[in-house]
file input-v9.txt (compact mmCIF, C-alpha atoms)
# COMPACT_ATOMS: atom_id res chain seq x y z
CA MET A 1 36.92 -9.50 1.14
CA THR A 2 35.08 -12.36 2.84
CA LYS A 3 34.14 -15.59 1.12
CA PHE A 4 31.00 -17.35 2.30
CA ASN A 5 30.86 -21.01 3.16
CA VAL A 6 28.51 -22.03 0.39
CA ARG A 7 26.69 -25.32 0.93
CA ALA A 8 28.24 -28.23 -0.97
CA GLU A 9 26.73 -28.92 -4.38
CA THR A 10 26.59 -31.71 -6.91
CA GLN A 11 25.89 -31.59 -10.62
CA ALA A 12 22.47 -32.99 -11.43
CA PRO A 13 21.45 -34.66 -14.72
CA GLY A 14 20.70 -32.01 -17.28
CA GLY A 15 23.37 -29.66 -15.99
CA GLN A 16 21.44 -27.97 -13.19
CA LEU A 17 23.05 -27.52 -9.82
CA GLN A 18 21.64 -29.17 -6.72
CA SER A 19 22.60 -28.67 -3.12
CA ALA A 20 24.14 -31.75 -1.58
CA LEU A 21 22.05 -30.90 1.50
CA GLY A 22 18.79 -31.09 -0.42
CA GLY A 23 18.59 -27.49 -1.62
CA GLU A 24 16.68 -26.13 1.39
CA PRO A 25 18.25 -23.34 3.45
CA ALA A 26 18.32 -24.03 7.19
CA ILE A 27 16.04 -21.87 9.31
CA PRO A 28 18.13 -19.30 11.22
CA PRO A 29 17.96 -20.01 14.97
CA TRP A 30 16.72 -16.49 15.72
CA VAL A 31 13.60 -16.98 13.61
CA ARG A 32 12.21 -19.45 16.15
CA GLN A 33 12.23 -16.69 18.78
CA MET A 34 10.08 -14.36 16.68
CA ALA A 35 6.36 -13.80 17.16
CA CYS A 36 4.48 -13.79 13.86
CA GLY A 37 3.59 -10.34 12.57
CA CYS A 38 6.18 -8.40 14.57
CA TRP A 39 9.23 -6.56 13.30
CA TYR A 40 12.65 -7.12 14.88
CA ARG A 41 16.14 -5.74 14.44
CA VAL A 42 18.40 -8.70 13.71
CA ALA A 43 21.67 -6.84 13.12
CA GLY A 44 23.44 -3.69 14.21
CA ASP A 45 24.83 -2.62 17.57
CA ARG A 46 21.72 -3.56 19.57
CA PRO A 47 19.71 -6.33 17.91
CA ASP A 48 16.42 -7.49 19.38
CA LEU A 49 15.43 -10.96 20.65
CA GLY A 50 18.33 -10.94 23.12
CA LEU A 51 20.72 -11.54 20.24
CA PRO A 52 24.33 -10.50 20.74
CA ALA A 53 25.89 -7.94 18.46
CA THR A 54 28.17 -9.52 15.88
CA PRO A 55 31.88 -8.56 15.75
CA PRO A 56 32.73 -4.97 14.79
CA GLY A 57 33.09 -4.66 11.05
CA THR A 58 30.13 -6.99 10.34
CA ARG A 59 27.18 -5.14 11.86
CA TYR A 60 26.34 -2.74 9.05
CA LEU A 61 26.61 -2.65 5.28
CA ALA A 62 28.80 0.45 5.58
CA ASP A 63 31.39 -1.54 7.52
CA ASN A 64 32.48 -3.08 4.23
CA ASP A 65 32.81 0.03 2.09
CA PRO A 66 35.89 -0.74 -0.05
CA ALA A 67 36.96 2.89 0.18
CA GLU A 68 37.54 2.39 3.91
CA ASP A 69 39.50 -0.86 3.53
CA PRO A 70 43.22 -0.17 4.08
CA ARG A 71 44.06 -3.34 2.14
CA ILE A 72 42.71 -1.72 -1.03
CA GLU A 73 45.07 0.94 -2.34
CA SER A 74 43.34 2.91 -5.06
CA ALA A 75 45.16 5.00 -7.62
CA ARG A 76 46.10 8.30 -5.99
CA THR A 77 45.98 11.80 -7.36
CA LEU A 78 47.73 14.74 -5.75
CA LYS A 79 44.37 15.91 -4.45
CA GLU A 80 43.67 12.54 -2.84
CA THR A 81 47.13 12.42 -1.27
CA LEU A 82 46.53 15.84 0.30
CA ARG A 83 43.11 14.70 1.55
CA ARG A 84 44.67 11.78 3.38
CA LEU A 85 47.50 13.86 4.80
CA ALA A 86 44.82 16.17 6.20
CA GLY A 87 43.16 13.20 7.89
CA ARG A 88 40.02 13.31 5.75
CA ARG A 89 38.08 10.27 4.58
CA ARG A 90 39.36 8.44 1.55
CA ARG A 91 37.73 9.39 -1.74
CA PRO A 92 38.76 6.79 -4.32
CA PRO A 93 38.16 7.32 -8.04
CA TRP A 94 35.04 5.12 -8.00
CA HIS A 95 33.42 7.32 -5.32
CA GLY A 96 31.13 9.39 -7.56
CA THR A 97 29.21 12.35 -6.12
CA VAL A 98 27.46 10.39 -3.35
CA GLY A 99 29.80 7.51 -2.57
CA PHE A 100 28.99 4.18 -0.96
CA THR A 101 25.70 5.44 0.51
CA ALA A 102 24.28 5.27 -3.02
CA ILE A 103 24.32 1.46 -2.97
CA THR A 104 21.01 1.71 -1.09
CA GLU A 105 19.85 5.29 -1.65
CA ALA A 106 20.30 5.67 -5.42
CA TRP A 107 17.27 3.63 -6.52
CA ASN A 108 18.86 0.26 -5.87
CA GLY A 109 17.38 -3.09 -4.88
CA ALA A 110 18.72 -6.41 -3.59
CA VAL A 111 17.91 -10.13 -3.76
CA TYR A 112 17.52 -12.96 -1.28
CA ALA A 113 19.96 -15.70 -2.36
CA SER A 114 18.80 -18.93 -0.72
CA ARG A 115 22.02 -20.85 -1.48
CA LEU A 116 24.57 -18.37 -0.20
CA GLY A 117 25.42 -19.42 3.33
CA ALA A 118 23.58 -21.94 5.52
CA SER A 119 20.36 -19.90 5.59
CA GLY A 120 20.77 -17.74 2.53
CA ALA A 121 21.79 -14.10 2.30
CA MET A 122 20.59 -10.70 1.13
CA VAL A 123 22.86 -9.64 -1.75
CA ILE A 124 23.19 -6.03 -2.89
CA PHE A 125 24.95 -4.31 -5.80
CA GLY A 126 24.36 -0.99 -7.50
CA GLY A 127 25.24 2.63 -7.98
CA GLY A 128 24.13 4.49 -11.03
CA HIS A 129 24.31 7.81 -12.84
CA ASP A 130 26.89 10.08 -11.18
CA ASP A 131 26.21 8.73 -7.67
CA TYR A 132 28.58 5.76 -7.29
CA PHE A 133 30.84 3.94 -9.73
CA GLY A 134 31.91 1.02 -7.53
CA SER A 135 31.09 -2.53 -8.70
CA ASP A 136 31.51 -4.15 -5.28
CA VAL A 137 29.00 -6.81 -4.14
CA HIS A 138 27.87 -7.27 -0.54
CA ALA A 139 25.90 -9.90 1.37
CA PHE A 140 24.09 -10.16 4.70
CA ASP A 141 24.26 -13.77 5.93
CA LEU A 142 20.98 -14.65 7.65
CA ALA A 143 22.51 -17.46 9.69
CA THR A 144 25.43 -15.48 11.13
CA ARG A 145 23.73 -12.05 10.89
CA ARG A 146 26.95 -10.62 9.47
CA TRP A 147 27.60 -8.28 6.57
CA SER A 148 30.57 -8.95 4.29
CA ARG A 149 31.91 -7.75 0.97
CA ILE A 150 31.98 -10.76 -1.33
CA SER A 151 33.50 -8.99 -4.33
CA ASP A 152 35.72 -5.90 -4.33
CA GLY A 153 34.69 -4.89 -7.82
CA TYR A 154 36.93 -2.80 -10.03
CA VAL A 155 39.13 -0.89 -7.59
CA GLY A 156 42.37 -0.64 -9.59
CA GLY A 157 41.41 1.96 -12.13
CA ARG A 158 42.59 5.50 -12.71
CA ALA A 159 40.22 8.42 -12.23
CA ASP A 160 39.53 8.59 -15.99
CA GLU A 161 38.32 4.96 -15.97
CA TYR A 162 35.19 5.84 -13.98
CA GLY A 163 32.23 8.10 -14.64
CA ALA A 164 31.73 10.57 -17.47
CA GLY A 165 33.91 9.88 -20.48
CA ALA A 166 34.78 6.31 -19.46
CA LEU A 167 32.91 4.39 -22.15
CA TYR A 168 32.68 0.59 -22.05
CA PRO A 169 30.84 -0.87 -25.09
CA ASP A 170 30.21 -4.22 -23.37
CA ALA A 171 29.02 -2.55 -20.13
CA VAL A 172 31.83 -4.11 -18.07
CA TYR A 173 34.97 -2.77 -16.41
CA PRO A 174 38.35 -4.30 -17.31
CA ASP A 175 37.96 -6.86 -14.48
CA GLY A 176 34.67 -8.15 -15.97
CA SER A 177 32.37 -6.61 -13.36
CA PRO A 178 29.47 -4.51 -14.71
CA LEU A 179 29.25 -0.76 -14.42
CA PRO A 180 26.67 -0.37 -11.64
CA PRO A 181 23.30 1.04 -12.72
CA HIS A 182 20.41 2.23 -10.61
CA THR A 183 19.09 -1.31 -10.32
CA TYR A 184 15.46 -0.43 -9.49
CA GLY A 185 13.59 -3.74 -9.90
CA TYR A 186 16.01 -5.14 -12.49
CA VAL A 187 17.70 -7.65 -10.13
CA GLN A 188 16.52 -11.17 -9.26
CA TYR A 189 17.96 -14.50 -8.10
CA ASP A 190 18.20 -17.92 -9.79
CA ALA A 191 18.50 -20.59 -7.10
CA ALA A 192 19.22 -23.43 -9.52
CA SER A 193 22.45 -21.80 -10.74
CA ASN A 194 23.02 -19.71 -7.59
CA ASP A 195 23.20 -16.56 -9.70
CA PHE A 196 22.47 -12.92 -8.93
CA LEU A 197 20.76 -11.65 -12.11
CA LEU A 198 20.84 -8.11 -13.49
CA LEU A 199 18.83 -7.42 -16.65
CA LYS A 200 20.36 -4.10 -17.74
CA GLY A 201 23.82 -2.64 -18.21
CA GLN A 202 25.54 0.74 -18.46
CA LEU A 203 27.92 1.76 -21.21
CA GLU A 204 28.89 4.89 -19.32
CA LEU A 205 28.19 6.42 -15.93
CA GLY A 206 28.13 10.10 -14.98
CA PRO A 207 25.62 12.89 -15.67
CA GLY A 208 25.04 11.68 -19.24
CA VAL A 209 24.58 8.03 -18.27
CA LYS A 210 24.12 5.53 -21.12
CA ALA A 211 22.05 2.41 -20.43
CA ALA A 212 22.08 -0.74 -22.58
CA PRO A 213 20.03 -3.98 -22.70
CA ILE A 214 23.01 -6.12 -21.65
CA PRO A 215 22.28 -8.62 -18.84
CA HIS A 216 24.81 -9.77 -16.26
CA MET A 217 25.00 -12.80 -13.96
CA PHE A 218 27.09 -13.04 -10.79
CA ASN A 219 27.68 -16.62 -9.71
CA LEU A 220 27.65 -16.87 -5.94
CA ASP A 221 29.72 -20.07 -5.87
CA ALA A 222 32.61 -18.86 -8.02
CA LEU A 223 32.06 -15.16 -7.17
CA LYS A 224 32.52 -14.36 -10.85
CA TRP A 225 30.55 -12.22 -13.29
CA ARG A 226 29.51 -13.24 -16.77
CA ARG A 227 27.78 -11.17 -19.43
CA GLY A 228 24.85 -11.80 -21.72
CA PRO A 229 24.46 -10.61 -25.31
CA ARG A 230 23.07 -7.19 -26.10
CA HIS A 231 19.45 -7.10 -27.20
CA PRO A 232 19.22 -5.62 -30.71
CA SER A 233 16.35 -3.21 -30.05
CA ALA A 234 15.03 -3.10 -26.50
CA VAL A 235 15.43 -0.02 -24.29
CA LEU A 236 15.58 -0.72 -20.55
CA ALA A 237 15.51 2.61 -18.78
CA SER A 238 14.93 3.95 -15.28
CA GLY A 239 12.03 2.56 -13.29
CA GLY A 240 11.77 -0.89 -14.89
CA CYS A 241 11.24 -4.19 -13.14
CA THR A 242 11.72 -7.94 -13.47
CA ALA A 243 10.42 -11.26 -12.18
CA TRP A 244 12.19 -14.64 -12.16
CA ASP A 245 10.20 -17.54 -13.65
CA PRO A 246 11.87 -20.68 -12.21
CA SER A 247 9.91 -23.26 -14.21
CA ARG A 248 10.75 -21.73 -17.61
CA ARG A 249 14.11 -20.39 -16.36
CA LEU A 250 13.31 -16.94 -17.72
CA LEU A 251 13.98 -13.50 -16.35
CA TRP A 252 10.93 -11.51 -17.44
CA GLY A 253 11.59 -7.77 -17.67
CA HIS A 254 9.62 -4.64 -18.40
CA CYS A 255 11.06 -1.31 -19.53
CA GLY A 256 10.69 1.73 -17.32
CA GLU A 257 10.05 5.35 -18.16
CA ASP A 258 11.45 5.01 -21.69
CA GLY A 259 11.41 2.23 -24.24
CA ASP A 260 8.80 -0.15 -25.53
CA ALA A 261 9.60 -3.66 -24.37
CA PHE A 262 8.29 -6.52 -22.29
CA LEU A 263 10.77 -9.32 -22.83
CA ALA A 264 12.44 -12.44 -21.45
CA PHE A 265 16.05 -13.50 -21.00
CA ALA A 266 17.20 -17.11 -20.50
CA PRO A 267 20.57 -17.12 -18.68
CA ASP A 268 21.62 -20.68 -19.60
CA GLY A 269 24.26 -21.67 -22.15
CA GLN A 270 27.39 -20.08 -23.57
CA ASN A 271 27.52 -18.34 -26.94
CA ALA A 272 30.29 -18.49 -29.54
CA GLU A 273 31.42 -14.90 -28.89
CA GLY A 274 31.84 -15.59 -25.17
CA THR A 275 28.57 -14.23 -23.82
CA PHE A 276 26.03 -16.32 -21.91
CA GLY A 277 22.29 -16.81 -22.29
CA THR A 278 19.77 -15.88 -24.96
CA TRP A 279 17.00 -13.35 -25.39
CA ARG A 280 13.54 -14.78 -25.95
CA GLU A 281 10.17 -13.17 -26.52
CA CYS A 282 9.97 -9.41 -26.90
CA TYR A 283 6.60 -7.63 -26.95
CA PRO A 284 5.51 -4.01 -26.90
CA ARG A 285 5.35 -2.53 -23.42
CA LYS A 286 2.35 -3.65 -21.42
CA ILE A 287 2.49 -1.07 -18.63
CA PRO A 288 2.10 2.61 -19.61
CA ALA A 289 5.21 4.71 -19.09
CA ALA A 290 3.23 6.98 -16.78
CA ALA A 291 2.98 4.10 -14.28
CA ALA A 292 6.76 3.90 -13.68
CA PRO A 293 8.20 3.05 -11.25
CA TYR A 294 6.43 -0.21 -10.55
CA ALA A 295 7.15 -3.59 -9.01
CA MET A 296 6.36 -7.13 -10.13
CA ALA A 297 6.38 -10.63 -8.66
CA PHE A 298 6.06 -14.08 -10.20
CA ASP A 299 3.18 -16.09 -8.71
CA CYS A 300 4.35 -19.68 -9.25
CA ALA A 301 1.08 -21.21 -8.03
CA ARG A 302 -0.88 -19.38 -10.75
CA ASP A 303 1.85 -19.09 -13.40
CA MET A 304 1.43 -15.35 -13.75
CA ILE A 305 3.24 -12.08 -13.16
CA VAL A 306 1.53 -9.59 -10.87
CA VAL A 307 2.44 -5.91 -11.21
CA ALA A 308 1.90 -3.19 -8.59
CA ALA A 309 1.56 0.14 -10.41
CA SER A 310 1.59 3.13 -8.08
CA ALA A 311 0.60 5.82 -10.57
CA PHE A 312 -2.65 3.98 -11.30
CA ASP A 313 -3.01 2.63 -7.74
CA ARG A 314 -3.75 -0.82 -9.12
CA LEU A 315 -2.58 -4.39 -9.56
CA TYR A 316 -2.22 -5.90 -13.04
CA ALA A 317 -1.57 -9.42 -14.30
CA ILE A 318 0.56 -10.74 -17.16
CA ASP A 319 -0.01 -14.30 -18.37
CA ALA A 320 3.39 -16.04 -18.44
CA ALA A 321 1.93 -18.95 -20.44
CA VAL A 322 0.56 -16.60 -23.10
CA PRO A 323 2.80 -13.53 -22.86
CA ALA A 324 1.32 -11.96 -25.99
CA ARG A 325 -1.99 -11.63 -24.15
CA ALA A 326 -2.93 -8.10 -23.10
CA ILE A 327 -2.17 -7.09 -19.53
CA ALA A 328 -5.20 -7.47 -17.28
CA PRO A 329 -6.23 -5.05 -14.51
CA LEU A 330 -7.07 -6.78 -11.23
CA GLU A 331 -9.81 -5.81 -8.82
CA SER A 332 -8.86 -5.44 -5.18
CA ALA A 333 -10.89 -5.92 -2.02
CA GLY A 334 -10.26 -5.81 1.70
CA ASP A 335 -7.82 -3.68 3.67
CA ARG A 336 -5.85 -2.21 0.76
CA PRO A 337 -3.55 0.82 1.10
CA ALA A 338 -2.72 3.17 -1.74
CA ILE A 339 0.03 1.51 -3.80
CA ALA A 340 3.17 3.57 -3.28
CA PRO A 341 6.09 4.31 -5.61
CA TYR A 342 9.20 2.20 -4.99
CA ALA A 343 7.21 -0.40 -3.04
CA ALA A 344 7.94 -4.13 -3.08
CA ILE A 345 5.74 -7.08 -3.94
CA GLU A 346 6.86 -10.63 -3.19
CA CYS A 347 5.43 -14.16 -3.08
CA ALA A 348 5.15 -16.08 0.21
CA PRO A 349 4.78 -19.75 -0.79
CA ASN A 350 3.70 -21.06 2.60
CA LEU A 351 1.02 -18.42 2.96
CA ASP A 352 0.07 -18.83 -0.71
CA ARG A 353 -0.20 -15.06 -0.80
CA LEU A 354 1.51 -12.15 -2.45
CA ILE A 355 3.18 -9.84 0.08
CA TYR A 356 3.20 -6.05 -0.30
CA TYR A 357 5.35 -3.63 1.68
CA SER A 358 6.18 0.05 1.31
CA ALA A 359 8.49 2.08 3.54
CA THR A 360 5.90 4.86 3.41
CA GLY A 361 3.21 2.65 4.93
CA GLY A 362 4.48 2.45 8.49
CA ALA A 363 4.97 -1.01 9.95
CA GLN A 364 2.26 -2.62 7.85
CA ILE A 365 2.84 -5.66 5.66
CA TYR A 366 -0.09 -6.83 3.55
CA ALA A 367 -0.97 -10.32 2.33
CA ILE A 368 -2.91 -10.48 -0.95
CA ALA A 369 -5.08 -13.55 -1.59
CA ALA A 370 -5.90 -14.54 -5.16
CA PRO A 371 -9.46 -15.40 -6.23
CA GLU A 372 -10.47 -19.05 -6.06
CA GLY A 373 -9.98 -21.20 -9.14
CA PRO A 374 -7.20 -22.51 -11.38
CA THR A 375 -7.83 -20.63 -14.64
CA TRP A 376 -6.61 -17.33 -16.01
CA ALA A 377 -10.22 -16.15 -16.35
CA GLN A 378 -10.82 -16.83 -12.67
CA HIS A 379 -7.54 -15.19 -11.65
CA VAL A 380 -8.37 -11.94 -13.45
CA GLY A 381 -12.14 -12.07 -13.02
CA GLY A 382 -12.36 -12.06 -9.24
CA ALA A 383 -11.14 -9.76 -6.48
CA TRP A 384 -7.67 -10.01 -4.94
CA THR A 385 -8.18 -9.58 -1.21
CA TRP A 386 -5.77 -7.57 0.90
CA ARG A 387 -5.29 -7.71 4.67
CA SER A 388 -2.63 -6.41 7.01
CA ILE A 389 -0.67 -9.19 8.71
CA THR A 390 1.27 -6.93 11.06
CA ALA A 391 0.37 -7.91 14.62
CA GLN A 392 -1.57 -5.44 16.75
CA ASP A 393 1.10 -5.63 19.45
CA ASN A 394 3.95 -4.89 17.04
CA SER A 395 5.99 -1.98 18.42
CA LEU A 396 8.58 -1.35 15.69
CA ASP A 397 8.30 0.58 12.44
CA PRO A 398 11.52 -0.34 10.61
CA ALA A 399 11.48 2.56 8.17
CA ALA A 400 10.99 5.12 10.93
CA ASP A 401 13.55 3.41 13.14
CA ALA A 402 16.15 3.38 10.37
CA GLN A 403 15.49 7.00 9.43
CA ALA A 404 15.97 8.02 13.07
CA VAL A 405 19.36 6.34 13.44
CA SER A 406 20.93 6.87 10.00
CA SER A 407 23.56 9.60 9.71
CA ARG A 408 23.44 9.54 5.89
CA VAL A 409 21.39 11.47 3.35
CA ILE A 410 18.68 8.93 2.54
CA ASN A 411 15.65 8.31 0.34
CA PRO A 412 13.22 7.30 3.11
CA GLY A 413 10.41 6.23 0.77
CA HIS A 414 12.46 3.73 -1.24
CA THR A 415 11.92 0.00 -0.68
CA LEU A 416 12.48 -1.70 -4.07
CA GLY A 417 14.01 -5.20 -3.86
CA ARG A 418 15.60 -4.56 -0.49
CA PHE A 419 12.45 -6.19 0.93
CA ARG A 420 12.35 -9.93 0.21
CA VAL A 421 10.63 -13.06 1.50
CA ALA A 422 12.84 -16.00 2.55
CA SER A 423 11.30 -19.45 3.02
CA PHE A 424 12.57 -22.18 5.36
CA GLY A 425 10.44 -25.30 5.13
CA THR A 426 6.98 -24.17 6.27
CA THR A 427 8.21 -20.80 7.55
CA ASP A 428 8.17 -17.56 5.54
CA VAL A 429 10.20 -14.59 6.80
CA ALA A 430 10.27 -11.04 5.46
CA VAL A 431 13.75 -9.46 5.45
CA LEU A 432 14.37 -5.74 4.96
CA VAL A 433 17.58 -3.82 4.26
CA ARG A 434 17.12 -0.07 4.72
CA HIS A 435 20.31 2.04 4.69
CA VAL A 436 24.05 1.39 4.82
CA ASP A 437 24.34 2.36 8.49
CA THR A 438 21.13 0.89 9.93
CA PRO A 439 20.09 -2.55 11.17
CA VAL A 440 18.60 -5.30 9.05
CA TYR A 441 14.96 -5.94 10.01
CA ALA A 442 12.84 -9.08 9.80
CA MET A 443 9.27 -10.24 10.37
CA ARG A 444 8.09 -13.83 10.65
CA LEU A 445 5.06 -14.34 8.39
CA THR A 446 4.18 -17.97 9.20
call {"tool": "encode", "arguments": {"input": "input-v9.txt", "output": "structure tokens"}}
result
Amino acid sequence: MTKFNVRAETQAPGGQLQSALGGEPAIPPWVRQMACGCWYRVAGDRPDLGLPATPPGTRYLADNDPAEDPRIESARTLKETLRRLAGRRRRPPWHGTVGFTAITEAWNGAVYASRLGASGAMVIFGGGHDDYFGSDVHAFDLATRRWSRISDGYVGGRADEYGAGALYPDAVYPDGSPLPPHTYGYVQYDAASNDFLLLKGQLELGPGVKAAPIPHMFNLDALKWRRGPRHPSAVLASGGCTAWDPSRRLLWGHCGEDGDAFLAFAPDGQNAEGTFGTWRECYPRKIPAAAAPYAMAFDCARDMIVVAASAFDRLYAIDAAVPARAIAPLESAGDRPAIAPYAAIECAPNLDRLIYYSATGGAQIYAIAAPEGPTWAQHVGGAWTWRSITAQDNSLDPAADAQAVSSRVINPGHTLGRFRVASFGTTDVAVLVRHVDTPVYAMRLT
């Protein structure tokens, strides 16, 4: 397990963390070599831009599969002992039916953590259902372009401590790490506390998976998990999504295919029973279940949540200042594609645009401009204008490239939160993680 060199921090008045270096991630040197609007491979065996390959064991997410780490000795059964004597790959008790490949392919997202490493990092965690039971956490450091495993997760259990029949009422393994769900859009990042945020939990994995509205926070300084309290009534099922509201310090979340909840969780503060954070507003669902899966982004400049709903091929807006207000459909104009399932929508602060990307849409990235004006009525009354910002001379389609080189069984249409926008001063960069055995891709937006 590798520990990142996290930038030094001081405690600010009011209890919020500040970086001693001013809180801004440093722009990775390779970004300056990029032409705007073009995709590049920035990791793997043969990165672009004349970049050297990083040392073996750091080039791909799969390099850090805990099942392949000889330093981790999982509990053995007779069957596993015979497998190893036969020279076959290790199959630890947390493997599930798919194994480590599921950390990307089983409906899982990621976050960009701006305060992990000198230039931030893409952080990924997840499994879900019967696919993968491992609670390991991994990060791609944008400055060094290296993958590492930053938490082993629960690797000391017996076979009966994972999957069907292994019930955990607090949704955590004995080491305190959460049972990994299909994360969908339920993961976000809080820069002030340097926390990876997960809105939902799992009481049990396996074919009869049991989800629970129990949030979890992984602190990227201490590399420790903490757990929030269980919501008394909400159901957070497959296909849901979240958006982080940094001014209110709320993780807004919407249920997926099942349930009836649009709600908010505040991760700050410790409770008497040892959990952390508090649930806030809870409203009936605003997005019809038929629209799942969907994606959402928080538009800080307009104080609103924008939702991309593929089933209705439309954008919607939720008023964060008046969350009881009905969801509002948004009109679109310009060069708009059909909104795809499992797509991603992000905010690019320097462009002052929302950014849309789907792995099914070729190399295209779209910028979405809001209508003019400062009011909610103006935001929902005018057209949101789309345009492709992929350069005409771009020669790389990252989804097609990754599909061509991966040796795994993949879900080629899934994007989810594995597409994120990182900002460095006046520069916005899109970063994309595809599969466990493929490069990381990036596009400079400004």
call {"tool": "closest_residue", "arguments": {"input": "input-v9.txt", "among": "A:Ala212, A:Leu250, A:Leu396, A:Leu236", "to": "A:Asp190", "atoms": "all atoms listed in the file"}}
result
A:Leu250
call {"tool": "closest_residue", "arguments": {"input": "input-v9.txt", "among": "A:Gly361, A:Gly57, A:Gly156, A:Pro412", "to": "A:Arg336", "atoms": "only C-alpha atoms"}}
result
A:Gly361
call {"tool": "residues_around", "arguments": {"input": "input-v9.txt", "residues": "A:Ala367", "least_positions_apart": "4", "cutoff": "9 Å", "atoms": "only C-alpha atoms", "output": "list in words"}}
result
Ala348, Leu351, Arg353, Leu354, Ile355, Tyr356, Thr385, Trp386, Arg387, Ser388 and Ile389 of chain A
call {"tool": "write_last_selection", "arguments": {"input": "input-v9.txt", "atoms": "C-alpha atoms", "output": "PDB file, in the frame of the given file"}}
result
ATOM      1  CA  ALA A 348       5.150 -16.080   0.210  1.00  0.00           C
ATOM      2  CA  LEU A 351       1.020 -18.420   2.960  1.00  0.00           C
ATOM      3  CA  ARG A 353      -0.200 -15.060  -0.800  1.00  0.00           C
ATOM      4  CA  LEU A 354       1.510 -12.150  -2.450  1.00  0.00           C
ATOM      5  CA  ILE A 355       3.180  -9.840   0.080  1.00  0.00           C
ATOM      6  CA  TYR A 356       3.200  -6.050  -0.300  1.00  0.00           C
ATOM      7  CA  THR A 385      -8.180  -9.580  -1.210  1.00  0.00           C
ATOM      8  CA  TRP A 386      -5.770  -7.570   0.900  1.00  0.00           C
ATOM      9  CA  ARG A 387      -5.290  -7.710   4.670  1.00  0.00           C
ATOM     10  CA  SER A 388      -2.630  -6.410   7.010  1.00  0.00           C
ATOM     11  CA  ILE A 389      -0.670  -9.190   8.710  1.00  0.00           C
TER      12      ILE A 389
END
call {"tool": "atom_distance", "arguments": {"input": "input-v9.txt", "atom1": "atom CA of A:His414", "atom2": "atom CA of A:Val433"}}
result
10.7 Å
call {"tool": "residues_around", "arguments": {"input": "input-v9.txt", "residues": "stretch 116-132 of chain A", "least_positions_apart": "5", "cutoff": "7 Å", "atoms": "only C-alpha atoms", "output": "ChimeraX atom specification"}}
result
/A:4-7,25-28,94-100,102-103,106,108-111,137-143,163,180-183,205-207,209,220
call {"tool": "write_last_selection", "arguments": {"input": "input-v9.txt", "atoms": "C-alpha atoms", "output": "PDB file, in the coordinates of the input"}}
result
ATOM      1  CA  PHE A   4      31.000 -17.350   2.300  1.00  0.00           C
ATOM      2  CA  ASN A   5      30.860 -21.010   3.160  1.00  0.00           C
ATOM      3  CA  VAL A   6      28.510 -22.030   0.390  1.00  0.00           C
ATOM      4  CA  ARG A   7      26.690 -25.320   0.930  1.00  0.00           C
ATOM      5  CA  PRO A  25      18.250 -23.340   3.450  1.00  0.00           C
ATOM      6  CA  ALA A  26      18.320 -24.030   7.190  1.00  0.00           C
ATOM      7  CA  ILE A  27      16.040 -21.870   9.310  1.00  0.00           C
ATOM      8  CA  PRO A  28      18.130 -19.300  11.220  1.00  0.00           C
ATOM      9  CA  TRP A  94      35.040   5.120  -8.000  1.00  0.00           C
ATOM     10  CA  HIS A  95      33.420   7.320  -5.320  1.00  0.00           C
ATOM     11  CA  GLY A  96      31.130   9.390  -7.560  1.00  0.00           C
ATOM     12  CA  THR A  97      29.210  12.350  -6.120  1.00  0.00           C
ATOM     13  CA  VAL A  98      27.460  10.390  -3.350  1.00  0.00           C
ATOM     14  CA  GLY A  99      29.800   7.510  -2.570  1.00  0.00           C
ATOM     15  CA  PHE A 100      28.990   4.180  -0.960  1.00  0.00           C
ATOM     16  CA  ALA A 102      24.280   5.270  -3.020  1.00  0.00           C
ATOM     17  CA  ILE A 103      24.320   1.460  -2.970  1.00  0.00           C
ATOM     18  CA  ALA A 106      20.300   5.670  -5.420  1.00  0.00           C
ATOM     19  CA  ASN A 108      18.860   0.260  -5.870  1.00  0.00           C
ATOM     20  CA  GLY A 109      17.380  -3.090  -4.880  1.00  0.00           C
ATOM     21  CA  ALA A 110      18.720  -6.410  -3.590  1.00  0.00           C
ATOM     22  CA  VAL A 111      17.910 -10.130  -3.760  1.00  0.00           C
ATOM     23  CA  VAL A 137      29.000  -6.810  -4.140  1.00  0.00           C
ATOM     24  CA  HIS A 138      27.870  -7.270  -0.540  1.00  0.00           C
ATOM     25  CA  ALA A 139      25.900  -9.900   1.370  1.00  0.00           C
ATOM     26  CA  PHE A 140      24.090 -10.160   4.700  1.00  0.00           C
ATOM     27  CA  ASP A 141      24.260 -13.770   5.930  1.00  0.00           C
ATOM     28  CA  LEU A 142      20.980 -14.650   7.650  1.00  0.00           C
ATOM     29  CA  ALA A 143      22.510 -17.460   9.690  1.00  0.00           C
ATOM     30  CA  GLY A 163      32.230   8.100 -14.640  1.00  0.00           C
ATOM     31  CA  PRO A 180      26.670  -0.370 -11.640  1.00  0.00           C
ATOM     32  CA  PRO A 181      23.300   1.040 -12.720  1.00  0.00           C
ATOM     33  CA  HIS A 182      20.410   2.230 -10.610  1.00  0.00           C
ATOM     34  CA  THR A 183      19.090  -1.310 -10.320  1.00  0.00           C
ATOM     35  CA  LEU A 205      28.190   6.420 -15.930  1.00  0.00           C
ATOM     36  CA  GLY A 206      28.130  10.100 -14.980  1.00  0.00           C
ATOM     37  CA  PRO A 207      25.620  12.890 -15.670  1.00  0.00           C
ATOM     38  CA  VAL A 209      24.580   8.030 -18.270  1.00  0.00           C
ATOM     39  CA  LEU A 220      27.650 -16.870  -5.940  1.00  0.00           C
TER      40      LEU A 220
END
call {"tool": "residues_around", "arguments": {"input": "input-v9.txt", "residues": "stretch 297-299 of chain A", "least_positions_apart": "3", "cutoff": "7 Å", "atoms": "all atoms listed in the file", "output": "MDAnalysis selection string"}}
result
chainID A and resid 243:245 302:307 345:347
